[in-house]
Each structure stands twice: as structure tokens, then as C-alpha cells.
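Novice: Just so it is clear, I am handing over query_1.cif, which has mmCIF, C-alpha atoms.
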data_start
loop_
_atom_site.label_atom_id
_atom_site.label_comp_id
_atom_site.auth_asym_id
_atom_site.auth_seq_id
_atom_site.Cartn_x
_atom_site.Cartn_y
_atom_site.Cartn_z
CA MET A 320 0.62 16.61 -8.50
CA GLN A 321 0.87 19.04 -11.39
CA PRO A 322 -0.09 18.19 -14.96
CA GLU A 323 2.74 17.19 -17.30
CA GLU A 324 4.31 19.92 -19.40
CA ARG A 325 3.01 19.54 -22.94
CA PRO A 326 5.06 20.38 -26.05
CA GLU A 327 2.40 22.82 -27.25
CA ALA A 328 2.98 25.07 -24.25
CA ALA A 329 3.76 28.59 -25.43
CA GLU A 330 7.01 30.21 -24.36
CA ALA A 331 5.32 33.56 -23.70
CA PRO A 332 2.25 35.59 -24.68
CA SER A 333 2.08 37.05 -28.18
CA ALA A 334 4.51 39.81 -29.17
CA PRO A 335 1.79 42.54 -29.13
CA TRP A 336 0.64 41.40 -25.69
CA ARG A 337 4.21 41.40 -24.34
CA ALA A 338 4.85 44.83 -25.83
CA ALA A 339 1.73 46.24 -24.21
CA SER A 340 2.72 44.76 -20.85
CA ILE A 341 6.27 46.08 -21.10
CA PHE A 342 4.94 49.54 -21.98
CA THR A 343 2.35 49.53 -19.17
CA MET A 344 4.67 48.34 -16.42
CA GLY A 345 7.56 50.48 -17.62
CA ALA A 346 5.44 53.63 -17.94
CA VAL A 347 3.88 53.18 -14.51
CA GLY A 348 7.32 52.49 -13.05
CA LEU A 349 8.71 55.66 -14.60
CA LEU A 350 5.80 57.74 -13.31
CA CYS A 351 6.27 56.34 -9.80
CA LYS A 352 10.04 56.88 -9.90
CA GLY A 353 9.48 60.44 -11.10
CA PHE A 354 7.04 61.08 -8.26
CA LEU A 355 9.43 59.56 -5.72
CA CYS A 356 12.04 62.10 -6.80
CA LEU A 357 9.82 64.67 -5.10
CA ASN A 358 10.14 62.79 -1.82
CA LYS A 359 12.92 61.70 0.50
CA ILE A 360 13.53 57.99 -0.17
CA GLU A 361 15.25 55.64 2.25
CA THR A 362 15.72 51.96 1.47
CA HIS A 363 17.27 49.17 3.50
CA GLY A 364 18.27 45.77 2.14
CA MET A 365 17.75 46.85 -1.48
CA GLU A 366 21.09 45.50 -2.76
CA ARG A 367 20.36 42.09 -1.27
CA PHE A 368 16.90 42.05 -2.84
CA LEU A 369 18.25 43.08 -6.24
CA ARG A 370 20.77 40.23 -6.12
CA LEU A 371 17.85 37.87 -5.62
CA LEU A 372 16.05 39.36 -8.63
CA ASP A 373 19.22 39.07 -10.70
CA GLU A 374 19.44 35.38 -9.85
CA ARG A 375 15.90 34.99 -11.16
CA LYS A 376 16.38 36.92 -14.39
CA GLU A 377 16.15 33.88 -16.69
CA PRO A 378 12.80 32.08 -16.23
CA LYS A 379 14.15 28.72 -17.43
CA GLU A 380 16.90 28.82 -14.80
CA ARG A 381 14.62 29.50 -11.84
CA GLU A 382 14.23 26.70 -9.35
CA ARG A 383 11.41 28.16 -7.25
CA GLY A 384 8.95 31.02 -7.07
CA LEU A 385 9.24 34.19 -5.00
CA ILE A 386 6.71 35.59 -2.55
CA THR A 387 7.11 39.08 -1.16
CA VAL A 388 4.77 40.13 1.62
CA SER A 389 4.33 43.51 3.31
CA ASN A 390 2.10 45.70 5.41
CA HIS A 391 -0.55 47.74 3.58
CA ILE A 392 -0.80 51.43 4.47
CA SER A 393 -2.12 53.28 1.40
CA VAL A 394 -3.92 52.91 -1.90
CA MET A 395 -0.61 53.72 -3.62
CA ASP A 396 1.55 51.05 -1.95
CA ASP A 397 1.54 49.18 -5.22
CA PRO A 398 2.89 50.51 -7.58
CA ILE A 399 4.93 53.18 -5.73
CA LEU A 400 6.71 50.44 -3.79
CA TRP A 401 8.23 49.12 -7.01
CA GLY A 402 9.14 52.64 -8.13
CA THR A 403 12.04 52.29 -5.69
CA LEU A 404 13.62 49.65 -7.96
CA PRO A 405 16.35 50.77 -10.38
CA LEU A 406 15.15 51.79 -13.83
CA GLY A 407 16.61 48.74 -15.55
CA TYR A 408 14.27 46.40 -13.69
CA MET A 409 11.06 48.14 -14.76
CA PHE A 410 10.92 46.96 -18.36
CA ASN A 411 11.20 43.20 -17.82
CA PRO A 412 7.74 41.91 -16.86
CA ASP A 413 9.04 38.32 -16.72
CA ASN A 414 11.03 39.33 -13.63
CA LEU A 415 8.51 41.70 -12.05
CA ARG A 416 5.85 41.02 -9.49
CA TRP A 417 2.36 39.68 -10.03
CA GLY A 418 -0.17 41.19 -7.67
CA LEU A 419 -3.77 40.67 -6.57
CA ALA A 420 -6.14 43.56 -7.35
CA SER A 421 -9.73 44.12 -6.24
CA TYR A 422 -12.18 42.96 -8.89
CA ASP A 423 -14.84 45.52 -7.93
CA LEU A 424 -12.37 48.41 -8.29
CA CYS A 425 -9.87 47.40 -10.98
CA PHE A 426 -11.86 45.07 -13.26
CA THR A 427 -15.20 46.81 -13.68
CA ASN A 428 -14.91 47.42 -17.43
CA LYS A 429 -12.71 46.47 -20.36
CA GLY A 430 -10.49 49.54 -20.14
CA LEU A 431 -9.56 49.04 -16.49
CA SER A 432 -9.35 45.28 -16.96
CA THR A 433 -6.92 45.69 -19.85
CA PHE A 434 -4.72 48.16 -17.96
CA PHE A 435 -4.46 46.09 -14.79
CA THR A 436 -3.98 42.83 -16.68
CA PHE A 437 -1.10 44.33 -18.68
CA GLY A 438 0.18 45.51 -15.29
CA GLN A 439 0.36 41.88 -14.09
CA THR A 440 -2.42 41.95 -11.53
CA LEU A 441 -4.94 39.17 -11.01
CA PRO A 442 -8.67 39.89 -10.58
CA THR A 443 -9.49 39.11 -6.96
CA HIS A 444 -12.96 39.10 -5.43
CA ARG A 445 -13.37 40.56 -1.95
CA SER A 446 -15.79 38.67 0.27
CA ALA A 447 -17.41 41.89 1.48
CA HIS A 448 -18.33 42.76 -2.10
CA SER A 449 -18.77 39.42 -3.85
CA GLN A 450 -20.04 35.93 -3.20
CA PHE A 451 -17.02 34.67 -5.15
CA GLY A 452 -14.43 35.99 -2.67
CA GLY A 453 -12.34 34.05 -0.20
CA LEU A 454 -9.15 32.04 -0.17
CA PHE A 455 -10.48 29.30 -2.48
CA GLN A 456 -11.29 31.51 -5.46
CA PRO A 457 -9.72 30.66 -8.85
CA THR A 458 -7.38 33.65 -8.71
CA ILE A 459 -5.54 32.10 -5.75
CA THR A 460 -5.13 28.94 -7.82
CA GLN A 461 -3.54 31.05 -10.56
CA ALA A 462 -1.17 32.65 -8.04
CA ILE A 463 -0.14 29.24 -6.70
CA ARG A 464 0.53 28.00 -10.23
CA LEU A 465 2.54 31.11 -11.11
CA LEU A 466 4.80 30.30 -8.16
CA SER A 467 5.13 26.66 -9.20
CA ARG A 468 6.84 24.93 -12.09
CA GLY A 469 4.47 25.45 -14.99
CA PRO A 470 3.10 25.81 -17.49
CA PHE A 471 -0.30 24.47 -16.48
CA LEU A 472 -2.38 23.56 -19.50
CA ASN A 473 -5.67 21.77 -19.92
CA ALA A 474 -6.21 20.64 -23.49
CA ASN A 475 -9.84 19.81 -22.73
CA ASP A 476 -10.71 23.46 -22.11
CA PRO A 477 -11.06 25.35 -25.43
CA PRO A 478 -10.58 29.12 -25.45
CA GLU A 479 -13.55 31.09 -24.27
CA LYS A 480 -14.69 33.96 -26.48
CA PRO A 481 -14.97 37.04 -24.25
CA THR A 482 -17.83 39.51 -24.34
CA THR A 483 -16.86 42.45 -26.55
CA SER A 484 -18.84 45.11 -24.68
CA LEU A 485 -16.64 47.88 -23.24
CA ASN A 486 -18.65 47.63 -20.03
CA ASN A 487 -17.54 44.03 -19.61
CA PRO A 488 -14.13 43.15 -18.09
CA ASP A 489 -13.55 39.99 -20.19
CA LEU A 490 -10.17 39.72 -21.88
CA ILE A 491 -8.26 37.37 -24.16
CA ASP A 492 -5.00 37.63 -26.10
CA PRO A 493 -6.32 37.74 -29.69
CA PHE A 494 -2.86 37.08 -31.15
CA SER A 495 -2.20 33.76 -29.40
CA SER A 496 -3.35 30.41 -30.72
CA GLY A 497 -4.69 27.90 -28.23
CA HIS A 498 -4.94 30.62 -25.63
CA LEU A 499 -6.01 29.30 -22.24
CA THR A 500 -8.29 31.36 -20.06
CA PHE A 501 -9.73 31.07 -16.58
CA SER A 502 -12.86 32.43 -14.97
CA THR A 503 -13.16 34.00 -11.55
CA ASN A 504 -16.89 33.40 -11.24
CA GLY A 505 -17.92 30.94 -13.95
CA ILE A 506 -19.02 33.74 -16.27
CA ASP A 507 -16.11 36.11 -16.97
CA THR A 508 -12.99 35.31 -19.01
CA PHE A 509 -9.39 36.30 -18.30
CA PRO A 510 -6.01 35.13 -19.60
CA ALA A 511 -4.51 32.39 -17.43
CA PRO A 512 -0.92 33.57 -16.91
CA SER A 513 0.29 30.22 -15.57
CA GLN A 514 0.03 28.70 -19.05
CA TYR A 515 3.36 30.14 -20.23
CA VAL A 516 6.88 28.79 -19.77
CA SER A 517 8.18 32.32 -19.09
CA ARG A 518 5.88 32.61 -16.06
CA ARG A 519 7.07 29.50 -14.22
CA HIS A 520 8.38 30.14 -10.72
CA ALA A 521 7.15 33.72 -10.97
CA TRP A 522 7.21 36.47 -8.32
CA VAL A 523 3.94 37.19 -6.48
CA HIS A 524 3.53 40.08 -4.06
CA ILE A 525 0.71 40.08 -1.55
CA PHE A 526 -0.66 42.41 1.12
CA PRO A 527 -2.07 39.80 3.54
CA GLU A 528 -3.94 42.37 5.65
CA GLY A 529 -6.30 42.63 2.69
CA MET A 530 -7.15 46.20 3.64
CA ILE A 531 -5.40 49.52 4.08
CA HIS A 532 -4.59 50.27 7.70
CA GLN A 533 -3.00 53.51 8.86
CA SER A 534 -1.75 54.29 12.36
CA GLU A 535 1.07 56.36 13.84
CA GLN A 536 2.83 53.27 15.18
CA ARG A 537 2.45 51.30 11.91
CA ILE A 538 0.33 48.68 13.65
CA MET A 539 -0.67 45.83 11.36
CA ARG A 540 -4.04 44.13 11.11
CA TYR A 541 -4.38 40.37 11.27
CA PHE A 542 -3.25 38.53 8.13
CA LYS A 543 -5.79 36.65 6.06
CA TRP A 544 -5.22 32.99 5.27
CA GLY A 545 -4.85 33.29 1.50
CA VAL A 546 -1.12 33.91 1.89
CA SER A 547 -0.74 30.54 3.62
CA ARG A 548 -2.03 28.78 0.50
CA LEU A 549 0.76 30.35 -1.55
CA VAL A 550 3.39 29.05 0.88
CA LEU A 551 1.88 25.61 1.51
CA GLU A 552 0.68 24.59 -1.95
CA SER A 553 3.25 26.02 -4.38
CA ASP A 554 5.65 23.41 -5.69
CA PRO A 555 8.47 23.56 -4.77
CA MET A 556 8.42 25.81 -1.72
CA PRO A 557 8.90 29.44 -2.87
CA ASP A 558 11.41 31.87 -1.48
CA VAL A 559 9.77 34.34 0.92
CA VAL A 560 10.96 37.91 1.52
CA PRO A 561 9.19 40.10 4.12
CA ILE A 562 9.02 43.84 3.45
CA PHE A 563 8.04 46.72 5.72
CA ILE A 564 7.00 50.09 4.28
CA GLU A 565 6.62 53.51 5.90
CA GLY A 566 5.53 56.93 4.70
CA PHE A 567 3.19 55.80 1.95
CA ASP A 568 0.34 56.68 4.28
CA ASP A 569 1.55 60.29 4.26
CA ILE A 570 1.50 60.31 0.45
CA MET A 571 -2.10 59.05 0.35
CA ASN A 572 -3.53 59.53 3.81
CA GLU A 573 -7.05 58.19 4.16
CA GLU A 574 -8.23 61.48 5.66
CA ARG A 575 -6.78 63.65 2.88
CA THR A 576 -8.95 66.43 1.52
CA PHE A 577 -9.55 67.65 -2.05
CA PRO A 578 -8.12 66.67 -4.44
CA ARG A 579 -8.22 63.18 -2.95
CA PHE A 580 -6.92 61.45 -6.07
CA VAL A 581 -3.62 63.42 -6.09
CA PRO A 582 -0.65 61.87 -4.21
CA ARG A 583 1.03 64.29 -1.79
CA PRO A 584 4.75 64.90 -2.47
CA PHE A 585 7.61 65.97 -0.18
CA LYS A 586 7.18 63.10 2.27
CA ASN A 587 9.61 60.70 3.89
CA VAL A 588 9.30 57.23 2.34
CA ARG A 589 11.10 54.20 3.77
CA VAL A 590 11.19 50.64 2.40
CA THR A 591 12.94 47.82 4.25
CA PHE A 592 13.55 44.57 2.40
CA GLY A 593 14.09 41.76 4.87
CA GLU A 594 16.41 38.83 4.36
CA LYS A 595 15.11 35.86 2.41
CA LEU A 596 13.62 33.49 4.96
CA ASN A 597 15.03 30.05 5.59
CA THR A 598 11.77 28.58 4.38
CA GLU A 599 12.62 25.01 5.35
CA GLU A 600 13.31 26.12 8.90
CA VAL A 601 10.26 28.40 9.14
CA PHE A 602 7.67 26.42 7.18
CA GLY A 603 9.16 22.93 6.66
CA ASP A 604 7.15 21.21 9.37
CA LEU A 605 3.89 22.80 8.18
CA ARG A 606 4.58 21.85 4.56
CA ALA A 607 5.25 18.26 5.69
CA ARG A 608 1.91 18.14 7.53
CA TRP A 609 0.14 19.63 4.51
CA LYS A 610 1.73 17.16 2.09
CA GLN A 611 0.70 14.26 4.31
CA LEU A 612 -2.86 15.51 4.52
CA ARG A 613 -2.97 15.98 0.76
CA ALA A 614 -1.45 12.55 0.11
CA ASN A 615 -4.09 10.93 2.31
CA GLU A 616 -6.85 12.63 0.34
CA GLU A 617 -5.33 11.74 -3.03
CA GLN A 618 -5.22 8.11 -2.02
CA LYS A 619 -8.97 8.27 -1.51
CA SER A 620 -10.10 10.45 -4.40
CA GLY A 621 -7.25 10.48 -6.93
CA THR A 622 -4.63 13.01 -7.93
CA LEU A 623 -5.49 16.69 -7.51
CA ASP A 624 -3.98 19.37 -9.73
CA VAL A 625 -1.80 22.07 -8.21
CA GLY A 626 -4.02 24.66 -6.51
CA VAL A 627 -7.09 22.40 -6.52
CA LEU A 628 -8.56 21.24 -3.19
CA ASN A 629 -11.35 18.92 -2.11
CA GLU A 630 -13.63 19.64 0.84
CA VAL A 631 -11.32 18.03 3.41
CA LEU A 632 -8.34 20.05 2.24
CA LYS A 633 -10.45 23.19 2.41
CA TYR A 634 -12.31 22.84 5.66
CA SER A 635 -10.96 20.02 7.87
CA ASP A 636 -9.67 20.93 11.32
CA GLU A 637 -6.12 19.94 10.39
CA ALA A 638 -6.15 22.05 7.21
CA VAL A 639 -7.41 25.06 9.15
CA ARG A 640 -4.81 24.60 11.91
CA ILE A 641 -1.99 24.44 9.37
CA ARG A 642 -3.17 27.61 7.63
CA ILE A 643 -3.54 29.52 10.89
CA GLU A 644 -0.04 28.63 12.03
CA CYS A 645 1.49 29.34 8.63
CA THR A 646 -0.19 32.75 8.41
CA ASP A 647 0.98 33.58 11.93
CA ARG A 648 4.60 32.78 11.04
CA ILE A 649 4.42 34.96 7.93
CA ARG A 650 3.05 37.86 9.95
CA LYS A 651 5.80 37.44 12.55
CA ALA A 652 8.40 37.70 9.76
CA VAL A 653 7.01 41.11 8.78
CA LEU A 654 6.77 42.12 12.45
CA ASN A 655 10.48 41.34 12.82
CA ILE A 656 11.24 43.91 10.11
CA ARG A 657 8.93 46.39 11.84
CA ARG A 658 10.84 45.82 15.08
CA GLN A 659 14.14 46.44 13.27
CA ARG A 660 12.75 49.82 12.26
CA GLY A 661 12.52 50.78 15.93
CA TYR A 662 8.82 50.26 16.62
CA SER A 663 7.79 48.76 19.94
CA ASP A 664 6.19 45.34 20.14
CA GLU A 665 2.51 45.44 19.30
CA ASP A 666 -0.44 44.19 21.31
CA PRO A 667 -0.77 40.42 20.59
CA LYS A 668 -4.51 40.98 20.14
CA ASN A 669 -3.80 42.70 16.81
CA ASN A 670 -3.12 39.25 15.34
CA LEU A 671 -6.71 38.19 16.05
CA ALA A 672 -9.53 38.73 13.58
CA SER A 673 -11.90 39.30 16.50
CA THR A 674 -9.95 42.46 17.40
CA TRP A 675 -10.88 44.03 14.09
CA LEU A 676 -14.22 42.54 13.10
CA ARG A 677 -17.22 44.56 14.20
CA GLU A 678 -20.92 44.41 13.64
CA GLY A 679 -22.61 46.49 10.97
CA PRO A 680 -21.55 47.96 7.62
CA ASN A 681 -18.37 49.49 9.09
CA ARG A 682 -17.28 46.30 10.82
CA GLU A 683 -13.66 46.79 9.73
CA GLY A 684 -13.48 50.59 9.84
CA ARG A 685 -11.87 52.68 12.56
CA GLN A 686 -10.44 50.56 15.32
CA ASP A 687 -9.34 52.97 18.03
CA ASP A 688 -7.69 56.32 18.74
CA ASN A 689 -5.66 57.38 15.69
CA SER A 690 -5.88 54.35 13.42
CA VAL A 691 -7.89 54.15 10.21
CA THR A 692 -8.76 51.06 8.25
CA ARG A 693 -10.36 50.99 4.84
CA GLU A 694 -11.19 48.30 2.34
CA GLU A 695 -9.11 48.84 -0.77
#
Please go through the file and, once you have read it, give me the structure as C-alpha cells.

Specialist:
Amino acid sequence: MQPEERPEAAEAPSAPWRAASIFTMGAVGLLCKGFLCLNKIETHGMERFLRLLDERKEPKERERGLITVSNHISVMDDPILWGTLPLGYMFNPDNLRWGLASYDLCFTNKGLSTFFTFGQTLPTHRSAHSQFGGLFQPTITQAIRLLSRGPFLNANDPPEKPTTSLNNPDLIDPFSSGHLTFSTNGIDTFPAPSQYVSRRHAWVHIFPEGMIHQSEQRIMRYFKWGVSRLVLESDPMPDVVPIFIEGFDDIMNEERTFPRFVPRPFKNVRVTFGEKLNTEEVFGDLRARWKQLRANEEQKSGTLDVGVLNEVLKYSDEAVRIRIECTDRIRKAVLNIRRQRGYSDEDPKNNLASTWLREGPNREGRQDDNSVTREE
């Protein structure tokens, strides 16, 4: 169960913080849209997706969160993907996506941390680079709460004063009173976005492959289980929209030469927005099993806050089975969009982690003939 909404919950971050976020997201959106003008853009299902965003324009009128999920084929997938949206959507952060960004790349100092936080990305540890990675890290809890009916406050947790060093990623909104923070590792300090009324039932985008993978046939890696937590634990069940992207790997091919940091223009870019899934039909039985498992545990140990799990809910055989099946269904939804784009059915082995995991430091590098995988 989620904590009760308290009257002291803030409607939104401070005006300076909101202004900085609007400027950051709008400026990045404009840059991406300007770059896309140098390419041939093809979108499918955009009007349907925009209608969904329009229905979600007012945070207080939303009834559920939104999860979008797609394949991951270049370092520029996000934000160029959202550069395909009309200009009017780029300056309303309350109705734009929240994303998960690599801590060791995007949150290494205060400058980067500030930029990516204003850009509505959450600091996410990667298991290959941090002992704090995995699907049970605090950032996933924040994502689950963003998708749920917040705000989520804890009056017993006073604001943490962040380290002021520019080499430290810690952040806090200095203009907000009673500002709630969260920590990704027990040491750092970041704003907890789920504390605000305007962030309830938010939109979260995720690349479940967790790594960039490029191949001529747009083959996808296996999906990691973190996405299943967003579907199973958010309350109520979020809407889910699968997306399939093409051509971004030509803009930022992993084998590009100097200058590597410059996106390549004059490419063909295609984005296909799938139909909103009938989530009750696709995930209803799994959510029912999860709720029963959770209810059994809460009878034993007491009520658990949204996004908080005990050991049984993390590691029991039933919990693992539910996550595996949920992740598989999400991946199949994206594969259906891939199939609509004319690609042949993939080898079922691509859905298995064992197909991709290898021994040694490059255990998730090149897989076979013309495919390239890289940790983002």
C-alpha cells in the first residue's frame, strides 16, 4: 500500500527549478528537431500516440501512468527519439518522459548531474560498473512511484544537505522547503521526483535491453527484468506503449570514425509507435499473482510501501517466475512492432541471457557476424 497523501505535499518543484527543466528539455528538443531536419523522417502511429499524450496533459486528471518501451540501437536514441514530437510538446516537462540514465556516465559531477536531472533522467547504476546496480536499486523505486498515484512523502526523513564540490553529483532544489531527497547508494543525494503532485502517474520510458545493440536485421537482445517491476508494482497498472526505432544506428554507428562525438546527418530515421496494449489482457494474470504474493507477505511482516520489497518478494521462485514471464510479454510486444516493419522472425535464442553473456571483460560485446553490442 502507498503512504497517504499529506496536505504539505508540494504541487511542483520551485519556479526556478521548473524554469530550468523547461529550458533544458525544450532546448534539447529543439536541437534534436533541428538535426532531424537534416534527415529523412518516417513515423508510424504518431497521431495515436499524441492523442494519448493529450489525454494526459493535466496531471490531476490522469488515472494511471504511462510506460513506453523500445529497442536500443544508439547512444542518441534518447533524446533524438523525442525530437520527432511536435514542437508544442517539448516545453511541458509534466507531460514528457522520465528516463533512466547511467550513473557512471551521466552523473559523475555536479554539472552533468544538474543537466541530466533537469532533463528528467534518473541516476541508474549499472551492475557491470557498480555494486549498487540491479533491479532493486532505489532508482527503480522512484520510477515505480512516478508511475503510481503520488506524491510519496516521508516526514521522518529530513532533507539531506548535498556536498557542494563540483566533482560531486549531489543535487537538491535550494528553493523548495521540505524538499525530499533519495540516495542511490546511501551516500549521494538527489531530488526525489515522486514527491510532487504534478508528477503523479508520470510517463517513464525504458530501454529494457540495457545496452546498445546494432545489427542489420535490428535483432534485439534479451530484456532485463527491471521493466517487469514497473509493470507489476505500479499502482494502478500503467498504460504500456511499445515502440520500434530504426536508423538511429546509422546516425551514431558504434564503428564510426573521427569525430566520434558528432551525429551523422542525411540518414533514414523511422519510428513506429505501437498501439496501447490491453494491459489487463496481457498482464492481468501476472499482476493478480503478484498482488497475491505481496498480500501474503504483508500479512506476515506488515504493510510495504510502493516500490519496497522484502527478501521473498525479491528472490522467491514465484517472484522470479512472474518477472520472467512479464518481461517476456513486454519483449514480444516490441517484437510485434518489429514484425510489422517487415523484419523476419528472430531466433528464439535471442530472448535468452545465456545467448549474450560471455566470459571475460567483453562478455556482452560482439555476438556474431555483423552485430555490435556496447554498454551505454

Novice: If the PyMOL selection byres ((chain A and resi 428) around 12) were run on this exact file, what residues would it hold? Put them as a ChimeraX atom specification.

Specialist: /A:422-427,429-436,442,482-490,507

Novice: Between CA of Arg648 (chain A) and CA of Gln618 (chain A), what is the distance, to one decimal in Å?

Specialist: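 Between CA of Arg648 (chain A) and CA of Gln618 (chain A) the gap is 29.6 Å.
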
Novice: Suppose a student applies the PyMOL selection byres ((chain A and resi 440) around 6) to this structure; what residues should they get, written as a PyMOL selection string?

Specialist: chain A and resi 417-420+435-436+438-439+441

Novice: Residues near Ala614 (chain A), anyone? I mean within 12 Å using all atoms listed in the file, not counting same-chain ones fewer than 5 positions away, as a list of chain:residue names.

Specialist: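 Everything that qualifies: A:Met320, A:Arg606, A:Ala607, A:Arg608, A:Trp609, A:Lys619, A:Ser620, A:Gly621, A:Thr622, A:Leu623, A:Leu628, A:Asn629, A:Val631, A:Leu632.
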
Novice: Need the shell around Gly348 (chain A): protein/DNA/RNA residues with any atom at most 10 Å away, counting only C-alpha atoms. Skip same-chain ones fewer than 3 positions apart. Format as a list in words?

Specialist: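 With the cut-off at 10 Å, the set is Phe342, Thr343, Met344, Gly345, Cys351, Lys352, Gly353, Phe354, Pro398, Ile399, Leu400, Trp401, Gly402, Thr403, Leu404, Pro405, Leu406, Tyr408, Met409 and Phe410 of chain A.
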
Novice: CA of Ile656 (chain A) to CA of Gln536 (chain A): how many Å, to one decimal?

Specialist: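 Going from CA of Ile656 (chain A) over to CA of Gln536 (chain A) covers 13.6 Å.
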
Novice: Convert the output of the PyMOL selection byres ((chain A and resi 468) around 8) on the shown file into explicit residues, formatted as an NGL selection string.

Specialist: :A and (383 or 464-467 or 469-470 or 519-520 or 554-555)

Novice: Please indicate the distance in Å from CA of Asp568 (chain A) to CA of Gly661 (chain A), rounded to one decimal place.

Specialist: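 So the two atoms, CA of Asp568 (chain A) and CA of Gly661 (chain A), lie 17.9 Å apart.
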
Novice: As JSON, what would the box around region 527-532 of chain A look like: edges along x, y and z, 3 Å added on every side, centre and edge lengths in Å to one decimal?

Specialist:
{"center_x": -4.6, "center_y": 45.0, "center_z": 5.2, "size_x": 11.1, "size_y": 16.5, "size_z": 11.0}

Novice: Take the point (-3.6, 39.1, -31.5) as written in the file and pick out every residue within 9 Å of it, counting all atoms listed in the file; give the list as a list in words.

Specialist: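 Within 9 Å of (-3.6, 39.1, -31.5), the protein and nucleic acid residues are Ser333, Ala334, Pro335, Trp336, Ile491, Asp492, Pro493, Phe494, Ser495 and Ser496 of chain A.
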
Novice: Between A:Thr591, A:Asn655, A:Asn597, A:Ser393, which residue has the minimum interatomic distance to Asn572 (chain A), considering all atoms listed in the file?

Specialist: A:Ser393

Novice: Just checking: using only C-alpha atoms, which residue out of A:Met571, A:Ile506, A:Ile641, A:Met539 ends up closest to Ala672 (chain A)?

Specialist: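 Of the candidates, the smallest distance to Ala672 (chain A) is held by A:Met539.
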